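Novice: Sharing input_10.pdb here; it has PDB, C-alpha atoms.
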MODEL        1
ATOM      1  CA  MET A  52    -121.565  94.664-111.721
ATOM      2  CA  GLY A  53    -122.810  94.248-115.254
ATOM      3  CA  VAL A  54    -125.263  96.592-116.956
ATOM      4  CA  SER A  55    -126.892  96.012-120.325
ATOM      5  CA  GLY A  56    -128.595  98.977-121.915
ATOM      6  CA  ALA A  57    -131.877  98.809-123.797
ATOM      7  CA  SER A  58    -134.690 101.116-124.907
ATOM      8  CA  GLY A  59    -135.433 103.828-122.358
ATOM      9  CA  THR A  60    -131.906 105.197-122.377
ATOM     10  CA  PRO A  61    -132.351 107.689-119.476
ATOM     11  CA  TYR A  62    -132.958 104.753-117.113
ATOM     12  CA  ALA A  63    -129.749 103.025-118.175
ATOM     13  CA  ALA A  64    -127.765 106.261-117.888
ATOM     14  CA  ALA A  65    -129.093 106.933-114.376
ATOM     15  CA  VAL A  66    -128.212 103.403-113.235
ATOM     16  CA  LEU A  67    -124.721 103.701-114.676
ATOM     17  CA  ARG A  68    -124.143 107.021-112.937
ATOM     18  CA  GLY A  69    -125.416 105.523-109.687
ATOM     19  CA  LEU A  70    -123.073 102.538-109.943
ATOM     20  CA  LEU A  71    -120.069 104.720-110.681
ATOM     21  CA  ASP A  72    -120.937 107.145-107.865
ATOM     22  CA  ALA A  73    -121.030 104.129-105.531
ATOM     23  CA  GLY A  74    -117.530 103.133-106.596
ATOM     24  CA  GLU A  75    -118.618 100.034-108.509
ATOM     25  CA  SER A  76    -116.728  98.674-111.501
ATOM     26  CA  VAL A  77    -119.044  98.160-114.471
ATOM     27  CA  ASP A  78    -118.983  95.752-117.386
ATOM     28  CA  LEU A  79    -121.145  97.407-120.043
ATOM     29  CA  VAL A  80    -122.966  95.655-122.880
ATOM     30  CA  VAL A  81    -125.024  97.769-125.295
ATOM     31  CA  SER A  82    -127.093  95.591-127.596
ATOM     32  CA  ARG A  83    -127.678  96.331-131.267
ATOM     33  CA  ALA A  84    -131.287  97.279-130.579
ATOM     34  CA  SER A  85    -130.132  99.548-127.747
ATOM     35  CA  ARG A  86    -127.813 101.432-130.079
ATOM     36  CA  LEU A  87    -130.670 102.093-132.479
ATOM     37  CA  THR A  88    -132.850 103.327-129.619
ATOM     38  CA  LEU A  89    -130.052 105.478-128.206
ATOM     39  CA  LEU A  90    -129.633 107.099-131.614
ATOM     40  CA  ASP A  91    -133.381 107.651-131.899
ATOM     41  CA  GLU A  92    -133.877 109.025-128.370
ATOM     42  CA  THR A  93    -130.729 111.119-128.058
ATOM     43  CA  GLY A  94    -129.044 111.415-131.447
ATOM     44  CA  ILE A  95    -125.955 109.703-129.992
ATOM     45  CA  SER A  96    -124.267 106.958-132.020
ATOM     46  CA  PHE A  97    -122.702 104.379-129.717
ATOM     47  CA  ARG A  98    -119.586 103.152-131.549
ATOM     48  CA  ASP A  99    -117.246 100.413-130.380
ATOM     49  CA  ALA A 100    -114.181 102.333-131.554
ATOM     50  CA  HIS A 101    -115.251 105.531-129.769
ATOM     51  CA  TRP A 102    -117.305 104.135-126.906
ATOM     52  CA  ARG A 103    -115.667 106.263-124.209
ATOM     53  CA  ASP A 104    -116.552 109.534-125.913
ATOM     54  CA  ASP A 105    -120.049 108.295-126.750
ATOM     55  CA  LEU A 106    -120.612 107.027-123.197
ATOM     56  CA  ARG A 107    -119.559 110.353-121.679
ATOM     57  CA  GLU A 108    -121.985 112.196-123.954
ATOM     58  CA  TRP A 109    -124.751 109.739-123.065
ATOM     59  CA  LEU A 110    -124.200 109.912-119.302
ATOM     60  CA  ALA A 111    -123.980 113.718-119.360
ATOM     61  CA  ARG A 112    -127.441 114.037-120.931
ATOM     62  CA  GLY A 113    -130.435 114.677-118.681
ATOM     63  CA  ALA A 114    -133.701 112.776-118.899
ATOM     64  CA  ASP A 115    -135.242 115.842-120.544
ATOM     65  CA  GLY A 116    -132.695 115.624-123.359
ATOM     66  CA  LYS A 117    -130.587 118.523-122.134
ATOM     67  CA  PRO A 118    -126.903 117.935-122.966
ATOM     68  CA  ASP A 119    -124.260 118.412-120.277
ATOM     69  CA  ALA A 120    -126.800 118.127-117.458
ATOM     70  CA  PHE A 121    -124.307 116.027-115.479
ATOM     71  CA  HIS A 122    -120.650 116.856-114.988
ATOM     72  CA  ASP A 123    -117.474 115.348-113.519
ATOM     73  CA  LEU A 124    -118.255 111.947-115.010
ATOM     74  CA  ARG A 125    -115.534 109.376-114.358
ATOM     75  CA  ILE A 126    -115.770 106.285-116.496
ATOM     76  CA  ASP A 127    -112.373 104.762-115.720
ATOM     77  CA  ASP A 128    -114.177 101.904-113.954
ATOM     78  CA  VAL A 129    -116.265 101.013-117.017
ATOM     79  CA  ARG A 130    -115.234  98.186-119.328
ATOM     80  CA  HIS A 131    -117.188  97.937-122.545
ATOM     81  CA  TRP A 132    -117.837  94.634-124.300
ATOM     82  CA  SER A 133    -119.279  94.350-127.781
ATOM     83  CA  ALA A 134    -122.663  92.595-127.811
ATOM     84  CA  GLY A 135    -121.385  90.254-130.511
ATOM     85  CA  ASP A 136    -118.330  89.154-128.519
ATOM     86  CA  LEU A 137    -119.328  85.751-127.153
ATOM     87  CA  ALA A 138    -115.770  85.221-125.906
ATOM     88  CA  ALA A 139    -115.964  88.304-123.668
ATOM     89  CA  GLY A 140    -115.285  88.093-119.956
ATOM     90  CA  PRO A 141    -118.963  88.121-118.835
ATOM     91  CA  SER A 142    -119.676  85.105-121.068
ATOM     92  CA  SER A 143    -117.958  82.851-118.526
ATOM     93  CA  GLY A 144    -119.012  81.927-115.020
ATOM     94  CA  SER A 145    -115.398  82.179-113.888
ATOM     95  CA  TYR A 146    -115.322  85.902-114.717
ATOM     96  CA  PRO A 147    -115.659  87.874-111.460
ATOM     97  CA  ALA A 148    -118.987  89.690-111.266
ATOM     98  CA  LYS A 149    -121.396  90.629-108.487
ATOM     99  CA  GLY A 150    -124.470  90.413-110.670
ATOM    100  CA  MET A 151    -126.169  91.835-113.739
ATOM    101  CA  LEU A 152    -128.693  94.584-114.398
ATOM    102  CA  ILE A 153    -130.674  94.696-117.639
ATOM    103  CA  VAL A 154    -131.923  98.256-117.809
ATOM    104  CA  PRO A 155    -134.475  98.437-119.269
ATOM    105  CA  ALA A 156    -135.356  95.066-120.787
ATOM    106  CA  SER A 157    -137.533  94.754-123.885
ATOM    107  CA  THR A 158    -139.960  91.864-124.198
ATOM    108  CA  ALA A 159    -137.642  90.352-126.825
ATOM    109  CA  CYS A 160    -134.827  90.439-124.277
ATOM    110  CA  VAL A 161    -137.107  88.938-121.617
ATOM    111  CA  ALA A 162    -138.022  86.090-123.958
ATOM    112  CA  GLY A 163    -134.416  85.348-124.873
ATOM    113  CA  VAL A 164    -133.220  85.289-121.274
ATOM    114  CA  ALA A 165    -136.199  83.248-120.069
ATOM    115  CA  LEU A 166    -135.567  80.650-122.775
ATOM    116  CA  GLY A 167    -131.857  80.498-121.979
ATOM    117  CA  LEU A 168    -130.780  81.662-125.432
ATOM    118  CA  SER A 169    -127.288  82.986-126.164
ATOM    119  CA  LYS A 170    -127.718  84.825-129.438
ATOM    120  CA  ASP A 171    -125.570  87.700-128.126
ATOM    121  CA  LEU A 172    -123.455  88.622-125.118
ATOM    122  CA  LEU A 173    -126.388  90.144-123.254
ATOM    123  CA  GLN A 174    -128.325  86.885-123.276
ATOM    124  CA  ARG A 175    -125.246  84.783-122.591
ATOM    125  CA  ALA A 176    -124.198  86.940-119.636
ATOM    126  CA  ALA A 177    -127.723  86.761-118.217
ATOM    127  CA  SER A 178    -127.703  82.971-118.508
ATOM    128  CA  VAL A 179    -124.329  82.849-116.761
ATOM    129  CA  THR A 180    -125.605  85.128-113.999
ATOM    130  CA  LEU A 181    -128.545  82.820-113.319
ATOM    131  CA  LYS A 182    -126.537  79.602-113.389
ATOM    132  CA  GLU A 183    -123.965  81.091-111.008
ATOM    133  CA  ARG A 184    -126.804  82.170-108.669
ATOM    134  CA  ARG A 185    -125.807  85.810-108.865
ATOM    135  CA  PRO A 186    -128.320  88.674-108.671
ATOM    136  CA  LEU A 187    -130.047  89.414-111.982
ATOM    137  CA  VAL A 188    -132.353  92.432-112.156
ATOM    138  CA  VAL A 189    -134.607  92.675-115.205
ATOM    139  CA  ALA A 190    -136.212  96.118-115.538
ATOM    140  CA  VAL A 191    -138.928  95.335-118.056
ATOM    141  CA  ARG A 192    -140.172  98.462-119.800
ATOM    142  CA  GLU A 193    -143.083  97.660-122.129
ATOM    143  CA  THR A 194    -146.804  98.025-121.472
ATOM    144  CA  PRO A 195    -149.227  96.388-121.797
ATOM    145  CA  LEU A 196    -147.756  92.918-121.385
ATOM    146  CA  ASN A 197    -149.236  89.928-123.178
ATOM    147  CA  GLY A 198    -149.742  86.522-121.609
ATOM    148  CA  GLN A 199    -146.620  85.011-123.148
ATOM    149  CA  THR A 200    -144.378  87.725-121.737
ATOM    150  CA  LEU A 201    -146.039  87.406-118.336
ATOM    151  CA  LYS A 202    -145.254  83.679-118.350
ATOM    152  CA  GLN A 203    -141.655  84.437-119.260
ATOM    153  CA  LEU A 204    -141.385  86.960-116.419
ATOM    154  CA  VAL A 205    -142.720  84.332-114.010
ATOM    155  CA  ALA A 206    -140.084  81.922-115.345
ATOM    156  CA  LEU A 207    -137.372  84.513-114.666
ATOM    157  CA  ASP A 208    -138.702  85.061-111.152
ATOM    158  CA  GLU A 209    -138.664  81.320-110.524
ATOM    159  CA  ALA A 210    -135.100  81.151-111.845
ATOM    160  CA  GLY A 211    -134.032  83.691-109.221
ATOM    161  CA  ALA A 212    -134.137  86.975-111.141
ATOM    162  CA  VAL A 213    -135.693  90.148-109.763
ATOM    163  CA  VAL A 214    -138.393  91.365-112.160
ATOM    164  CA  LEU A 215    -138.568  95.136-111.724
ATOM    165  CA  PRO A 216    -140.962  97.022-114.030
ATOM    166  CA  ALA A 217    -139.730 100.477-115.007
ATOM    167  CA  SER A 218    -142.627 102.105-113.126
ATOM    168  CA  PRO A 219    -141.869 105.462-111.458
ATOM    169  CA  ALA A 220    -143.639 106.454-108.247
ATOM    170  CA  PHE A 221    -144.771 109.853-107.045
ATOM    171  CA  TYR A 222    -144.555 109.590-103.248
ATOM    172  CA  ALA A 223    -140.939 110.758-103.368
ATOM    173  CA  GLY A 224    -142.037 114.249-104.414
ATOM    174  CA  ALA A 225    -140.983 114.255-108.065
ATOM    175  CA  THR A 226    -140.899 117.715-109.642
ATOM    176  CA  HIS A 227    -138.956 116.895-112.808
ATOM    177  CA  ILE A 228    -138.759 114.042-115.297
ATOM    178  CA  GLN A 229    -135.260 113.289-113.986
ATOM    179  CA  ASP A 230    -136.780 112.581-110.554
ATOM    180  CA  LEU A 231    -139.044 109.908-112.069
ATOM    181  CA  VAL A 232    -136.149 108.328-113.940
ATOM    182  CA  ASP A 233    -133.958 108.409-110.837
ATOM    183  CA  PHE A 234    -136.655 106.664-108.799
ATOM    184  CA  VAL A 235    -136.650 103.680-111.155
ATOM    185  CA  ALA A 236    -132.852 103.683-111.305
ATOM    186  CA  GLY A 237    -132.725 103.809-107.518
ATOM    187  CA  ARG A 238    -135.050 100.833-107.178
ATOM    188  CA  VAL A 239    -132.805  98.889-109.576
ATOM    189  CA  LEU A 240    -129.788  99.730-107.429
ATOM    190  CA  ASP A 241    -131.737  98.764-104.299
ATOM    191  CA  ALA A 242    -132.393  95.335-105.802
ATOM    192  CA  ALA A 243    -128.683  94.981-106.514
ATOM    193  CA  GLY A 244    -127.658  96.045-103.000
ATOM    194  CA  VAL A 245    -125.916  99.229-104.171
ATOM    195  CA  GLU A 246    -126.119 102.298-101.946
ATOM    196  CA  HIS A 247    -127.300 105.534-103.542
ATOM    197  CA  GLY A 248    -129.173 108.770-102.898
ATOM    198  CA  LEU A 249    -131.257 108.923-106.062
ATOM    199  CA  TYR A 250    -134.671 109.335-104.440
ATOM    200  CA  ARG A 251    -136.347 110.223-101.172
ATOM    201  CA  ARG A 252    -137.427 107.084 -99.359
ATOM    202  CA  TRP A 253    -140.797 106.469 -97.772
ATOM    203  CA  ARG A 254    -140.710 107.426 -94.092
ATOM    204  CA  GLY A 255    -144.209 106.362 -93.092
ATOM    205  CA  GLU A 256    -145.567 109.917 -93.160
ATOM    206  CA  LEU A 257    -148.553 110.741 -95.341
ATOM    207  CA  GLY A 258    -148.090 113.854 -97.458
ATOM    208  CA  GLY A 259    -144.334 113.475 -97.652
ATOM    209  CA  GLY A 260    -144.381 113.556-101.421
ATOM    210  CA  SER A 261    -145.839 117.084-101.427
ATOM    211  CA  ARG A 262    -142.976 118.486 -99.373
ATOM    212  CA  THR A 263    -139.807 119.858-100.878
ATOM    213  CA  SER A 264    -136.650 117.854-100.223
TER     214      SER A 264
ENDMDL
END
What would the structure in this file look like if it were written as structure tokens?
Specialist:
Amino acid sequence: MGVSGASGTPYAAAVLRGLLDAGESVDLVVSRASRLTLLDETGISFRDAHWRDDLREWLARGADGKPDAFHDLRIDDVRHWSAGDLAAGPSSGSYPAKGMLIVPASTACVAGVALGLSKDLLQRAASVTLKERRPLVVAVRETPLNGQTLKQLVALDEAGAVVLPASPAFYAGATHIQDLVDFVAGRVLDAAGVEHGLYRRWRGELGGGSRTS
């Protein structure tokens, strides 16, 4: 299962933790823009030569910015690919993959994928995912959306992608910012068919969100 990080780093971290907890192997692509955002939001520099250490620090951080909020992180099943490596495994349809998650996706990313561009590995891998008819989940993050981006999202939907806005809900009884992040991450994993326990599901009972878990 591929994951490509973008702005909104807590979402990407929560999805990665969910995939690893579910026993999934992950091919990770962190775009250049994502690295800048990660540095801005967390102070973490994501470096190719030290990606394991940087990834552990990133995944351990809570949505509120607290370091070491998560422990016992096992990243042995993560394989990192440089965004500039167009010869990487995920650039080919013959590379084994269940699907791809772009979490979250900027409007620039949406445009590139919708147009079928391959300026970096993220876009190339997304194009491969679509042509191989594998699940592609695009968690678009920006608001408001202009008409051009809306057209591009429709094009992605028509191409078979799942367009999943990074919009948290409150019926699950959120009491912390991490709960809101986990809800979005859980919906992404739902769309990819990955089991998780990141949020309390709707049970058809009004008032459920006001009850403690």
Novice: For the file shown, what are the residues hit by the PyMOL selection byres ((chain A and resi 103-108) around 12), laid out as a PyMOL selection string?
Specialist: chain A and resi 56+60+63-64+67-68+79-81+86+89-90+93-102+109-113+116-132
Novice: Take the PyMOL selection byres ((chain A and resi 235) around 12), apply it to the structure above, and return the hits as an MDAnalysis selection string.
Specialist: chainID A and resid 59 61:66 69 154:155 189:192 215:221 223 225 228:234 236:242 249:251
Novice: If you take only C-alpha atoms and a cut-off of 7 Å, which residues of segment 124-182 of chain A touch segment 199-210 of chain A, and what are their nearest atom pairs and distances in Å to one decimal, in chain and number order, as a tab-separated table?
Specialist:
residue	atom	partner	partner_atom	distance
A:Thr158	CA	A:Thr200	CA	6.5
A:Val161	CA	A:Gln203	CA	6.8
A:Ala162	CA	A:Gln203	CA	6.2
A:Ala165	CA	A:Gln203	CA	5.6
A:Leu181	CA	A:Ala210	CA	6.9
Novice: Using only C-alpha atoms, find the one residue out of A:Asp115, A:Tyr222, A:Val77, A:Thr194 that sits nearest to Glu256 of chain A.
Specialist: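 Looking at the shortest contact to Glu256 of chain A, the residue is A:Tyr222.
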Novice: If we count only C-alpha atoms, what is near Leu172 of chain A at a cut-off of 7 Å, once residues fewer than 6 positions away on the same chain are taken out, given as a PDB file with C-alpha atoms, keeping the file's coordinate frame?
Specialist:
ATOM      1  CA  ALA A 134    -122.663  92.595-127.811  1.00  0.00           C
ATOM      2  CA  GLY A 135    -121.385  90.254-130.511  1.00  0.00           C
ATOM      3  CA  ASP A 136    -118.330  89.154-128.519  1.00  0.00           C
ATOM      4  CA  LEU A 137    -119.328  85.751-127.153  1.00  0.00           C
ATOM      5  CA  SER A 142    -119.676  85.105-121.068  1.00  0.00           C
TER       6      SER A 142
END
Novice: Restricting the calculation to all atoms listed in the file, which member of A:Arg254, A:Lys149, A:Lys170, A:Arg185 is positioned closest to Arg83 of chain A?
Specialist: A:Lys170
